[in-house]
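Next up, final22.pdb (PDB, C-alpha atoms):
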ATOM      1  CA  MET A 227      44.340 -82.783   3.227  1.00  0.00           C
ATOM      2  CA  PRO A 228      44.404 -78.958   3.451  1.00  0.00           C
ATOM      3  CA  ASN A 229      47.513 -77.322   4.852  1.00  0.00           C
ATOM      4  CA  ALA A 230      47.714 -75.648   8.255  1.00  0.00           C
ATOM      5  CA  ARG A 231      47.154 -72.150   6.921  1.00  0.00           C
ATOM      6  CA  VAL A 232      43.955 -73.218   5.188  1.00  0.00           C
ATOM      7  CA  ILE A 233      42.749 -74.859   8.406  1.00  0.00           C
ATOM      8  CA  ARG A 234      43.513 -71.648  10.279  1.00  0.00           C
ATOM      9  CA  ASP A 235      41.608 -69.673   7.663  1.00  0.00           C
ATOM     10  CA  ILE A 236      38.595 -71.987   7.968  1.00  0.00           C
ATOM     11  CA  LYS A 237      38.715 -71.452  11.732  1.00  0.00           C
ATOM     12  CA  ALA A 238      38.732 -67.690  11.190  1.00  0.00           C
ATOM     13  CA  ARG A 239      35.772 -67.909   8.829  1.00  0.00           C
ATOM     14  CA  HIS A 240      33.700 -69.849  11.353  1.00  0.00           C
ATOM     15  CA  GLY A 241      34.745 -67.445  14.124  1.00  0.00           C
ATOM     16  CA  VAL A 242      33.636 -64.454  12.073  1.00  0.00           C
ATOM     17  CA  ARG A 243      30.265 -66.004  11.425  1.00  0.00           C
ATOM     18  CA  ALA A 244      29.740 -66.894  15.080  1.00  0.00           C
ATOM     19  CA  SER A 245      30.548 -63.458  16.506  1.00  0.00           C
ATOM     20  CA  GLU A 246      29.507 -61.171  13.688  1.00  0.00           C
ATOM     21  CA  ILE A 247      26.194 -59.998  15.148  1.00  0.00           C
ATOM     22  CA  ALA A 248      27.673 -59.218  18.570  1.00  0.00           C
ATOM     23  CA  ARG A 249      30.560 -57.371  16.967  1.00  0.00           C
ATOM     24  CA  ARG A 250      28.190 -55.305  14.856  1.00  0.00           C
ATOM     25  CA  ALA A 251      26.153 -54.369  17.913  1.00  0.00           C
ATOM     26  CA  TYR A 252      29.255 -53.183  19.773  1.00  0.00           C
ATOM     27  CA  LEU A 253      30.454 -51.332  16.681  1.00  0.00           C
ATOM     28  CA  PHE A 254      27.109 -49.576  16.442  1.00  0.00           C
ATOM     29  CA  VAL A 255      27.342 -48.406  20.049  1.00  0.00           C
ATOM     30  CA  ALA A 256      31.011 -47.459  19.859  1.00  0.00           C
ATOM     31  CA  ARG A 257      30.653 -45.388  16.695  1.00  0.00           C
ATOM     32  CA  ASN A 258      27.369 -43.765  17.686  1.00  0.00           C
ATOM     33  CA  GLU A 259      28.049 -40.103  18.533  1.00  0.00           C
ATOM     34  CA  THR A 260      24.587 -39.588  19.996  1.00  0.00           C
ATOM     35  CA  LEU A 261      25.390 -41.877  22.947  1.00  0.00           C
ATOM     36  CA  SER A 262      27.421 -40.880  25.996  1.00  0.00           C
ATOM     37  CA  PRO A 263      31.231 -41.146  25.789  1.00  0.00           C
ATOM     38  CA  GLN A 264      31.354 -43.591  28.721  1.00  0.00           C
ATOM     39  CA  VAL A 265      29.044 -46.052  27.006  1.00  0.00           C
ATOM     40  CA  ARG A 266      30.932 -45.738  23.734  1.00  0.00           C
ATOM     41  CA  HIS A 267      34.254 -46.299  25.469  1.00  0.00           C
ATOM     42  CA  HIS A 268      32.887 -49.356  27.194  1.00  0.00           C
ATOM     43  CA  ALA A 269      31.693 -50.769  23.897  1.00  0.00           C
ATOM     44  CA  GLN A 270      35.128 -50.152  22.377  1.00  0.00           C
ATOM     45  CA  LEU A 271      36.758 -52.042  25.261  1.00  0.00           C
ATOM     46  CA  GLN A 272      34.370 -54.920  24.647  1.00  0.00           C
ATOM     47  CA  LEU A 273      35.323 -54.917  20.966  1.00  0.00           C
ATOM     48  CA  ASN A 274      38.963 -55.271  21.985  1.00  0.00           C
ATOM     49  CA  THR A 275      38.218 -58.405  24.019  1.00  0.00           C
ATOM     50  CA  PHE A 276      37.191 -60.425  20.948  1.00  0.00           C
ATOM     51  CA  GLU A 277      39.600 -63.137  19.923  1.00  0.00           C
ATOM     52  CA  ARG A 278      41.907 -62.788  16.987  1.00  0.00           C
ATOM     53  CA  TYR A 279      40.074 -65.166  14.683  1.00  0.00           C
ATOM     54  CA  THR A 280      36.720 -63.384  15.021  1.00  0.00           C
ATOM     55  CA  ARG A 281      37.797 -60.332  13.050  1.00  0.00           C
ATOM     56  CA  PRO A 282      36.796 -60.282   9.382  1.00  0.00           C
ATOM     57  CA  THR A 283      40.221 -58.930   8.411  1.00  0.00           C
ATOM     58  CA  THR A 284      41.934 -62.162   9.504  1.00  0.00           C
ATOM     59  CA  VAL A 285      40.125 -64.026   6.741  1.00  0.00           C
ATOM     60  CA  LYS A 286      42.136 -64.423   3.560  1.00  0.00           C
ATOM     61  CA  ASN A 287      41.044 -66.017   0.347  1.00  0.00           C
ATOM     62  CA  ARG A 288      43.529 -68.798  -0.321  1.00  0.00           C
ATOM     63  CA  CYS A 289      43.839 -71.156  -3.265  1.00  0.00           C
ATOM     64  CA  VAL A 290      41.092 -73.761  -3.053  1.00  0.00           C
ATOM     65  CA  GLU A 291      43.316 -76.378  -4.676  1.00  0.00           C
ATOM     66  CA  SER A 292      46.801 -75.797  -3.241  1.00  0.00           C
ATOM     67  CA  GLY A 293      46.269 -73.432  -0.281  1.00  0.00           C
ATOM     68  CA  ARG A 294      48.647 -70.819  -1.666  1.00  0.00           C
ATOM     69  CA  GLY A 295      48.010 -67.314  -0.307  1.00  0.00           C
ATOM     70  CA  ARG A 296      49.368 -65.161  -3.091  1.00  0.00           C
ATOM     71  CA  GLY A 297      48.518 -64.751  -6.727  1.00  0.00           C
ATOM     72  CA  ILE A 298      44.901 -65.837  -6.362  1.00  0.00           C
ATOM     73  CA  ILE A 299      42.536 -65.287  -9.263  1.00  0.00           C
ATOM     74  CA  SER A 300      39.465 -64.503  -7.205  1.00  0.00           C
ATOM     75  CA  GLU A 301      36.932 -65.361  -9.891  1.00  0.00           C
ATOM     76  CA  PHE A 302      38.029 -69.010  -9.674  1.00  0.00           C
ATOM     77  CA  GLY A 303      39.544 -69.082  -6.184  1.00  0.00           C
ATOM     78  CA  LEU A 304      42.706 -70.593  -7.604  1.00  0.00           C
ATOM     79  CA  SER A 305      46.345 -69.531  -7.536  1.00  0.00           C
ATOM     80  CA  ARG A 306      47.815 -68.546 -10.887  1.00  0.00           C
ATOM     81  CA  PHE A 307      49.576 -71.871 -11.458  1.00  0.00           C
ATOM     82  CA  GLN A 308      46.607 -74.020 -10.452  1.00  0.00           C
ATOM     83  CA  PHE A 309      44.472 -71.821 -12.679  1.00  0.00           C
ATOM     84  CA  ARG A 310      46.825 -72.518 -15.604  1.00  0.00           C
ATOM     85  CA  LEU A 311      46.845 -76.270 -14.961  1.00  0.00           C
ATOM     86  CA  LYS A 312      43.079 -76.468 -14.739  1.00  0.00           C
ATOM     87  CA  ALA A 313      42.502 -74.196 -17.716  1.00  0.00           C
ATOM     88  CA  LEU A 314      44.844 -76.248 -19.904  1.00  0.00           C
ATOM     89  CA  ALA A 315      43.115 -79.442 -18.755  1.00  0.00           C
ATOM     90  CA  GLY A 316      39.799 -77.899 -19.814  1.00  0.00           C
ATOM     91  CA  GLU A 317      38.276 -78.015 -16.332  1.00  0.00           C
ATOM     92  CA  LEU A 318      37.280 -74.331 -16.313  1.00  0.00           C
ATOM     93  CA  PRO A 319      34.299 -73.716 -18.572  1.00  0.00           C
ATOM     94  CA  GLY A 320      34.677 -70.739 -20.874  1.00  0.00           C
ATOM     95  CA  VAL A 321      38.430 -70.374 -20.348  1.00  0.00           C
ATOM     96  CA  ASN A 322      40.756 -71.016 -23.264  1.00  0.00           C
ATOM     97  CA  LYS A 323      44.285 -70.051 -24.112  1.00  0.00           C
ATOM     98  CA  ALA A 324      44.662 -66.801 -26.019  1.00  0.00           C
ATOM     99  CA  SER A 325      46.000 -67.123 -29.526  1.00  0.00           C
ATOM    100  CA  TRP A 326      45.949 -64.589 -32.360  1.00  0.00           C
TER     101      TRP A 326
ATOM    102  CA  MET B 189      11.747  -8.973  -4.155  1.00  0.00           C
ATOM    103  CA  ALA B 190      12.980 -12.121  -2.440  1.00  0.00           C
ATOM    104  CA  ALA B 191      11.252 -13.043   0.816  1.00  0.00           C
ATOM    105  CA  PHE B 192      13.572 -13.364   3.821  1.00  0.00           C
ATOM    106  CA  ILE B 193      13.513 -16.858   5.385  1.00  0.00           C
ATOM    107  CA  THR B 194      14.930 -17.276   8.895  1.00  0.00           C
ATOM    108  CA  PRO B 195      17.271 -20.250   9.624  1.00  0.00           C
ATOM    109  CA  SER B 196      14.859 -21.525  12.261  1.00  0.00           C
ATOM    110  CA  ARG B 197      12.094 -21.712   9.663  1.00  0.00           C
ATOM    111  CA  LEU B 198      14.422 -23.614   7.299  1.00  0.00           C
ATOM    112  CA  ALA B 199      15.254 -26.040  10.103  1.00  0.00           C
ATOM    113  CA  SER B 200      11.590 -26.633  10.831  1.00  0.00           C
ATOM    114  CA  LEU B 201      11.037 -27.234   7.118  1.00  0.00           C
ATOM    115  CA  LYS B 202      13.768 -29.903   7.164  1.00  0.00           C
ATOM    116  CA  GLN B 203      12.253 -31.492  10.236  1.00  0.00           C
ATOM    117  CA  LEU B 204       8.850 -31.626   8.557  1.00  0.00           C
ATOM    118  CA  ARG B 205      10.389 -33.100   5.429  1.00  0.00           C
ATOM    119  CA  CYS B 206      12.048 -35.829   7.518  1.00  0.00           C
ATOM    120  CA  SER B 207       8.764 -36.681   9.226  1.00  0.00           C
ATOM    121  CA  ILE B 208       6.979 -36.942   5.865  1.00  0.00           C
ATOM    122  CA  PHE B 209       9.603 -39.099   4.116  1.00  0.00           C
ATOM    123  CA  GLN B 210      10.439 -41.100   7.256  1.00  0.00           C
ATOM    124  CA  THR B 211      14.125 -40.203   7.332  1.00  0.00           C
ATOM    125  CA  SER B 212      15.937 -39.387  10.584  1.00  0.00           C
ATOM    126  CA  TYR B 213      16.380 -35.702  11.391  1.00  0.00           C
ATOM    127  CA  ASN B 214      20.054 -35.098  12.159  1.00  0.00           C
ATOM    128  CA  PRO B 215      20.855 -31.370  11.927  1.00  0.00           C
ATOM    129  CA  GLN B 216      24.406 -31.655  13.390  1.00  0.00           C
ATOM    130  CA  SER B 217      25.289 -34.533  11.037  1.00  0.00           C
ATOM    131  CA  LEU B 218      26.324 -36.753  13.953  1.00  0.00           C
ATOM    132  CA  ARG B 219      27.560 -40.274  13.229  1.00  0.00           C
ATOM    133  CA  THR B 220      24.838 -42.645  14.345  1.00  0.00           C
ATOM    134  CA  GLY B 221      26.599 -45.919  13.509  1.00  0.00           C
ATOM    135  CA  ALA B 222      23.631 -46.949  11.400  1.00  0.00           C
ATOM    136  CA  LYS B 223      25.901 -48.172   8.617  1.00  0.00           C
ATOM    137  CA  TYR B 224      27.120 -51.026  10.836  1.00  0.00           C
ATOM    138  CA  LEU B 225      23.551 -52.229  11.205  1.00  0.00           C
ATOM    139  CA  ARG B 226      22.588 -51.644   7.596  1.00  0.00           C
ATOM    140  CA  ARG B 227      25.497 -53.557   6.077  1.00  0.00           C
ATOM    141  CA  ARG B 228      24.815 -57.174   5.139  1.00  0.00           C
ATOM    142  CA  LEU B 229      26.358 -59.961   7.218  1.00  0.00           C
ATOM    143  CA  ARG B 230      29.481 -61.369   5.617  1.00  0.00           C
ATOM    144  CA  GLY B 231      29.948 -64.496   7.731  1.00  0.00           C
ATOM    145  CA  PRO B 232      27.538 -66.890   5.974  1.00  0.00           C
ATOM    146  CA  SER B 233      29.142 -66.379   2.570  1.00  0.00           C
ATOM    147  CA  MET B 234      32.660 -66.503   4.074  1.00  0.00           C
ATOM    148  CA  VAL B 235      32.127 -69.990   5.503  1.00  0.00           C
ATOM    149  CA  GLY B 236      31.342 -71.539   2.125  1.00  0.00           C
ATOM    150  CA  TYR B 237      34.544 -70.461   0.373  1.00  0.00           C
ATOM    151  CA  TYR B 238      36.396 -73.774   0.520  1.00  0.00           C
ATOM    152  CA  PRO B 239      34.598 -76.768  -1.010  1.00  0.00           C
ATOM    153  CA  GLU B 240      33.809 -79.694   1.294  1.00  0.00           C
ATOM    154  CA  SER B 241      36.701 -82.165   1.210  1.00  0.00           C
ATOM    155  CA  PHE B 242      36.231 -85.898   1.534  1.00  0.00           C
ATOM    156  CA  ASP B 243      38.571 -86.840   4.381  1.00  0.00           C
ATOM    157  CA  ILE B 244      38.540 -90.606   5.037  1.00  0.00           C
ATOM    158  CA  PRO B 245      40.632 -90.583   8.268  1.00  0.00           C
ATOM    159  CA  GLN B 246      38.334 -87.938   9.732  1.00  0.00           C
ATOM    160  CA  ILE B 247      35.256 -90.014   8.909  1.00  0.00           C
ATOM    161  CA  MET B 248      36.877 -93.004  10.621  1.00  0.00           C
ATOM    162  CA  ARG B 249      37.644 -90.926  13.705  1.00  0.00           C
ATOM    163  CA  GLN B 250      34.086 -89.636  13.902  1.00  0.00           C
ATOM    164  CA  ASN B 251      32.473 -93.064  13.378  1.00  0.00           C
ATOM    165  CA  LYS B 252      34.469 -95.347  15.690  1.00  0.00           C
ATOM    166  CA  TRP B 253      31.733 -98.003  15.596  1.00  0.00           C
ATOM    167  CA  LEU B 254      32.640 -98.802  11.977  1.00  0.00           C
ATOM    168  CA  GLU B 255      35.905-100.358  13.290  1.00  0.00           C
ATOM    169  CA  MET B 256      37.776 -99.551  10.112  1.00  0.00           C
ATOM    170  CA  VAL B 257      41.575 -99.615  10.026  1.00  0.00           C
ATOM    171  CA  ASP B 258      43.588 -96.843   8.418  1.00  0.00           C
ATOM    172  CA  GLU B 259      46.379 -98.883   6.810  1.00  0.00           C
ATOM    173  CA  ASP B 260      48.598 -95.923   5.965  1.00  0.00           C
ATOM    174  CA  GLU B 261      48.475 -94.700   9.558  1.00  0.00           C
ATOM    175  CA  GLU B 262      49.213 -98.198  10.924  1.00  0.00           C
ATOM    176  CA  GLU B 263      52.205 -98.487   8.627  1.00  0.00           C
ATOM    177  CA  ARG B 264      53.526 -95.108   9.691  1.00  0.00           C
ATOM    178  CA  LEU B 265      53.315 -96.076  13.383  1.00  0.00           C
ATOM    179  CA  MET B 266      55.037 -99.408  12.643  1.00  0.00           C
ATOM    180  CA  ASP B 267      57.837 -97.565  10.862  1.00  0.00           C
ATOM    181  CA  ILE B 268      58.325 -95.281  13.862  1.00  0.00           C
ATOM    182  CA  VAL B 269      58.621 -98.292  16.190  1.00  0.00           C
ATOM    183  CA  ASP B 270      61.167 -99.894  13.835  1.00  0.00           C
ATOM    184  CA  ARG B 271      63.209 -96.718  13.630  1.00  0.00           C
ATOM    185  CA  LYS B 272      63.243 -96.384  17.429  1.00  0.00           C
ATOM    186  CA  LYS B 273      64.544 -99.952  17.721  1.00  0.00           C
ATOM    187  CA  ARG B 274      67.462 -99.088  15.456  1.00  0.00           C
ATOM    188  CA  GLY B 275      68.168 -95.975  17.544  1.00  0.00           C
ATOM    189  CA  LYS B 276      67.140 -93.649  14.725  1.00  0.00           C
ATOM    190  CA  GLY B 277      64.065 -92.143  16.402  1.00  0.00           C
ATOM    191  CA  THR B 278      63.401 -88.462  16.941  1.00  0.00           C
ATOM    192  CA  PRO B 279      65.332 -86.975  19.885  1.00  0.00           C
ATOM    193  CA  LYS B 280      63.529 -86.131  23.104  1.00  0.00           C
ATOM    194  CA  LYS B 281      62.394 -82.592  23.646  1.00  0.00           C
ATOM    195  CA  ALA B 282      64.758 -80.558  25.832  1.00  0.00           C
ATOM    196  CA  LYS B 283      63.270 -79.832  29.288  1.00  0.00           C
ATOM    197  CA  THR B 284      65.785 -77.274  30.570  1.00  0.00           C
ATOM    198  CA  PRO B 285      67.807 -74.455  28.929  1.00  0.00           C
ATOM    199  CA  GLU B 286      71.061 -76.392  29.537  1.00  0.00           C
ATOM    200  CA  GLU B 287      69.782 -79.391  27.623  1.00  0.00           C
ATOM    201  CA  SER B 288      68.707 -77.304  24.662  1.00  0.00           C
ATOM    202  CA  ARG B 289      72.097 -75.556  24.639  1.00  0.00           C
ATOM    203  CA  ARG B 290      73.871 -78.908  24.623  1.00  0.00           C
ATOM    204  CA  LEU B 291      71.822 -80.113  21.682  1.00  0.00           C
ATOM    205  CA  THR B 292      72.409 -77.093  19.444  1.00  0.00           C
ATOM    206  CA  LYS B 293      75.461 -77.260  17.218  1.00  0.00           C
ATOM    207  CA  ARG B 294      78.245 -74.743  17.753  1.00  0.00           C
ATOM    208  CA  ARG B 295      80.001 -73.187  14.795  1.00  0.00           C
TER     209      ARG B 295
END
Give the structure from this file in structure tokens form.
Amino acid sequence: MPNARVIRDIKARHGVRASEIARRAYLFVARNETLSPQVRHHAQLQLNTFERYTRPTTVKNRCVESGRGRGIISEFGLSRFQFRLKALAGELPGVNKASW
Amino acid sequence: MAAFITPSRLASLKQLRCSIFQTSYNPQSLRTGAKYLRRRLRGPSMVGYYPESFDIPQIMRQNKWLEMVDEDEEERLMDIVDRKKRGKGTPKKAKTPEESRRLTKRR
């Protein structure tokens, strides 16, 4: 069972996917200097009406195993401790403990 | 001797170049917002970050016709009933500010 923060993150990811095209269209209008200021302002106001969990910046890569938000090794999607556990158990192909 | 080229002629050269190579002619370098349309969509790859988890209680909830019984959940509910009988249940939520003040401990 994933923890609440992971569930929230999943919600954000689905929200981003659902509203991405509309957001892009409004961004295009709002940042387009060749259009009239009124239209651009209107588009910016529309951008502000989007919900919190539709913005791509609310998405955070959390640990796939434990849900921890910090110390994630992005190549594996694991937090540093889960990475260590899995690497020592030999579950990550190509990863072995350094020794020289 | 270098030939003198007027700015207007240079501008028309640029315009012609744009029409030949199919690029947009933008002499004032205005922001057109094209980068927001050109950029790839990030949503589809974002959704697949967490692997699909196999959640038995959720499957039971979605398929009620299976009439399966979640034993852990039943036991938990039984325990709550038992605890309430012994007067060890969770306290009721305070409805008014006075009630919540009465329930908080004073130091």
Fill in: Straight-line distance linking atom CA of A:Asn287 with atom CA of B:Gly236, stated in Å to one decimal
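Pair atom CA of A:Asn287 / atom CA of B:Gly236 returns 11.3 Å.
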Interface, chain A side, toward chain B (7 Å; all atoms listed in the file) as a PDB file with C-alpha atoms, in the frame of the given file:
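Output file selection.pdb follows:
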ATOM      1  CA  ARG A 239      35.772 -67.909   8.829  1.00  0.00           C
ATOM      2  CA  HIS A 240      33.700 -69.849  11.353  1.00  0.00           C
ATOM      3  CA  VAL A 242      33.636 -64.454  12.073  1.00  0.00           C
ATOM      4  CA  ARG A 243      30.265 -66.004  11.425  1.00  0.00           C
ATOM      5  CA  GLU A 246      29.507 -61.171  13.688  1.00  0.00           C
ATOM      6  CA  ARG A 250      28.190 -55.305  14.856  1.00  0.00           C
ATOM      7  CA  LEU A 253      30.454 -51.332  16.681  1.00  0.00           C
ATOM      8  CA  PHE A 254      27.109 -49.576  16.442  1.00  0.00           C
ATOM      9  CA  ARG A 257      30.653 -45.388  16.695  1.00  0.00           C
ATOM     10  CA  ASN A 258      27.369 -43.765  17.686  1.00  0.00           C
ATOM     11  CA  GLU A 259      28.049 -40.103  18.533  1.00  0.00           C
ATOM     12  CA  THR A 260      24.587 -39.588  19.996  1.00  0.00           C
ATOM     13  CA  VAL A 290      41.092 -73.761  -3.053  1.00  0.00           C
TER      14      VAL A 290
END
Fill in: Residues within 8 Å of A:Thr284, only C-alpha atoms, excluding chain neighbours under 4 positions, as a PyMOL selection string
chain A and resi 235+238+278-280
Please produce an output containing C-alpha atoms for each residue in the selection, written as an mmCIF file, in the frame of the given file.
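This is the output file selection_23.cif:
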data_model
loop_
_atom_site.group_PDB
_atom_site.id
_atom_site.type_symbol
_atom_site.label_atom_id
_atom_site.label_comp_id
_atom_site.auth_asym_id
_atom_site.auth_seq_id
_atom_site.Cartn_x
_atom_site.Cartn_y
_atom_site.Cartn_z
ATOM 1 C CA ASP A 235 41.608 -69.673 7.663
ATOM 2 C CA ALA A 238 38.732 -67.690 11.190
ATOM 3 C CA ARG A 278 41.907 -62.788 16.987
ATOM 4 C CA TYR A 279 40.074 -65.166 14.683
ATOM 5 C CA THR A 280 36.720 -63.384 15.021
#
Item to complete: Between A:Leu304, A:Cys289, A:Val321, A:Ala251, single out the one closest to A:Gln272, counting all atoms listed in the file.
Response: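 Smallest separation from A:Gln272 among the options: A:Ala251.
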Discussion item. Distance cut-off 12 Å, centre (39.2, -66.5, -11.4) in file coordinates, counting all atoms listed in the file: which residues qualify? Return them as a PyMOL selection string.
Written reply: chain A and resi 287+289-290+297-310+312-313+318-321
Discussion item. Quick one: residues within 9 Å of A:Arg231, only C-alpha atoms, excluding same-chain residues fewer than 5 positions away - as number ranges by chain?
Written reply: A: 236, 288, 293-295
Practice prompt. Please measure the separation of atom CA of B:Pro215 and atom CA of B:Gln203, giving the value in Å to one decimal.
Written response: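 Those two atoms sit 8.8 Å apart.
Picture a line from atom CA of A:Leu261 to atom CA of B:Arg205; it runs 24.7 Å.
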If the box runs along x, y and z of the file and leaves 6 Å on each side of stretch 291-307 of chain A, what are its centre and edge lengths in Å, one decimal, as AutoDock Vina command-line options?
--center_x 43.3 --center_y -70.4 --center_z -5.9 --size_x 24.6 --size_y 23.9 --size_z 23.2
Worksheet item: Nearest to A:Pro228 among B:Thr194, B:Glu261, B:Glu240, B:Arg228, with distances taken over only C-alpha atoms: which residue is it?
Response: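 With only C-alpha atoms as the atom set, the closest residue is B:Glu240.
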Worksheet item: Residues at most 10 Å from B:Thr278, counting all atoms listed in the file, excluding those fewer than 5 positions away in the same chain, as a list in words?
Response: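 Residues meeting the cut-off are Ile268, Arg271 and Lys272 of chain B.
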Written coordinates, C-alpha atoms of stretch 241-297 of chain A as a PDB file, in the first residue's frame:
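Here's the written file result31.pdb:
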ATOM      1  CA  GLY A 241      -3.827  15.737 -13.555  1.00  0.00           C
ATOM      2  CA  VAL A 242      -0.821  16.937 -15.531  1.00  0.00           C
ATOM      3  CA  ARG A 243      -1.516  14.480 -18.299  1.00  0.00           C
ATOM      4  CA  ALA A 244      -5.194  15.410 -18.483  1.00  0.00           C
ATOM      5  CA  SER A 245      -4.700  19.178 -18.711  1.00  0.00           C
ATOM      6  CA  GLU A 246      -1.345  19.431 -20.424  1.00  0.00           C
ATOM      7  CA  ILE A 247      -2.591  20.295 -23.915  1.00  0.00           C
ATOM      8  CA  ALA A 248      -4.968  23.005 -22.684  1.00  0.00           C
ATOM      9  CA  ARG A 249      -2.254  24.477 -20.498  1.00  0.00           C
ATOM     10  CA  ARG A 250       0.172  24.561 -23.405  1.00  0.00           C
ATOM     11  CA  ALA A 251      -2.372  26.337 -25.584  1.00  0.00           C
ATOM     12  CA  TYR A 252      -2.943  29.021 -22.947  1.00  0.00           C
ATOM     13  CA  LEU A 253       0.801  29.338 -22.395  1.00  0.00           C
ATOM     14  CA  PHE A 254       1.300  29.842 -26.114  1.00  0.00           C
ATOM     15  CA  VAL A 255      -1.253  32.655 -26.187  1.00  0.00           C
ATOM     16  CA  ALA A 256      -0.065  34.272 -22.967  1.00  0.00           C
ATOM     17  CA  ARG A 257       3.598  34.345 -23.969  1.00  0.00           C
ATOM     18  CA  ASN A 258       2.975  35.361 -27.572  1.00  0.00           C
ATOM     19  CA  GLU A 259       4.058  38.999 -27.997  1.00  0.00           C
ATOM     20  CA  THR A 260       2.478  39.279 -31.434  1.00  0.00           C
ATOM     21  CA  LEU A 261      -1.031  39.031 -29.945  1.00  0.00           C
ATOM     22  CA  SER A 262      -2.895  41.876 -28.258  1.00  0.00           C
ATOM     23  CA  PRO A 263      -2.236  42.510 -24.544  1.00  0.00           C
ATOM     24  CA  GLN A 264      -5.910  41.951 -23.659  1.00  0.00           C
ATOM     25  CA  VAL A 265      -5.934  38.475 -25.159  1.00  0.00           C
ATOM     26  CA  ARG A 266      -2.642  37.597 -23.497  1.00  0.00           C
ATOM     27  CA  HIS A 267      -3.887  38.820 -20.133  1.00  0.00           C
ATOM     28  CA  HIS A 268      -7.033  36.782 -20.507  1.00  0.00           C
ATOM     29  CA  ALA A 269      -5.016  33.679 -21.275  1.00  0.00           C
ATOM     30  CA  GLN A 270      -2.861  34.306 -18.200  1.00  0.00           C
ATOM     31  CA  LEU A 271      -5.994  34.564 -16.042  1.00  0.00           C
ATOM     32  CA  GLN A 272      -7.184  31.265 -17.477  1.00  0.00           C
ATOM     33  CA  LEU A 273      -3.830  29.690 -16.621  1.00  0.00           C
ATOM     34  CA  ASN A 274      -4.305  30.813 -13.026  1.00  0.00           C
ATOM     35  CA  THR A 275      -7.657  29.020 -12.778  1.00  0.00           C
ATOM     36  CA  PHE A 276      -6.094  25.564 -13.203  1.00  0.00           C
ATOM     37  CA  GLU A 277      -6.088  23.406 -10.113  1.00  0.00           C
ATOM     38  CA  ARG A 278      -3.006  22.827  -8.056  1.00  0.00           C
ATOM     39  CA  TYR A 279      -2.404  19.250  -9.135  1.00  0.00           C
ATOM     40  CA  THR A 280      -2.396  20.058 -12.860  1.00  0.00           C
ATOM     41  CA  ARG A 281       0.916  21.897 -12.766  1.00  0.00           C
ATOM     42  CA  PRO A 282       3.970  19.878 -13.791  1.00  0.00           C
ATOM     43  CA  THR A 283       5.989  21.386 -10.935  1.00  0.00           C
ATOM     44  CA  THR A 284       3.799  19.664  -8.325  1.00  0.00           C
ATOM     45  CA  VAL A 285       5.044  16.294  -9.538  1.00  0.00           C
ATOM     46  CA  LYS A 286       7.943  14.899  -7.547  1.00  0.00           C
ATOM     47  CA  ASN A 287       9.820  11.712  -8.163  1.00  0.00           C
ATOM     48  CA  ARG A 288       9.494   9.691  -4.974  1.00  0.00           C
ATOM     49  CA  CYS A 289      11.002   6.353  -4.021  1.00  0.00           C
ATOM     50  CA  VAL A 290       9.165   3.598  -5.869  1.00  0.00           C
ATOM     51  CA  GLU A 291       9.705   1.177  -2.993  1.00  0.00           C
ATOM     52  CA  SER A 292       9.281   3.245   0.183  1.00  0.00           C
ATOM     53  CA  GLY A 293       7.728   6.541  -0.983  1.00  0.00           C
ATOM     54  CA  ARG A 294      10.531   8.631   0.493  1.00  0.00           C
ATOM     55  CA  GLY A 295      10.886  12.060  -1.136  1.00  0.00           C
ATOM     56  CA  ARG A 296      14.529  12.820  -0.519  1.00  0.00           C
ATOM     57  CA  GLY A 297      17.748  11.155  -1.504  1.00  0.00           C
TER      58      GLY A 297
END
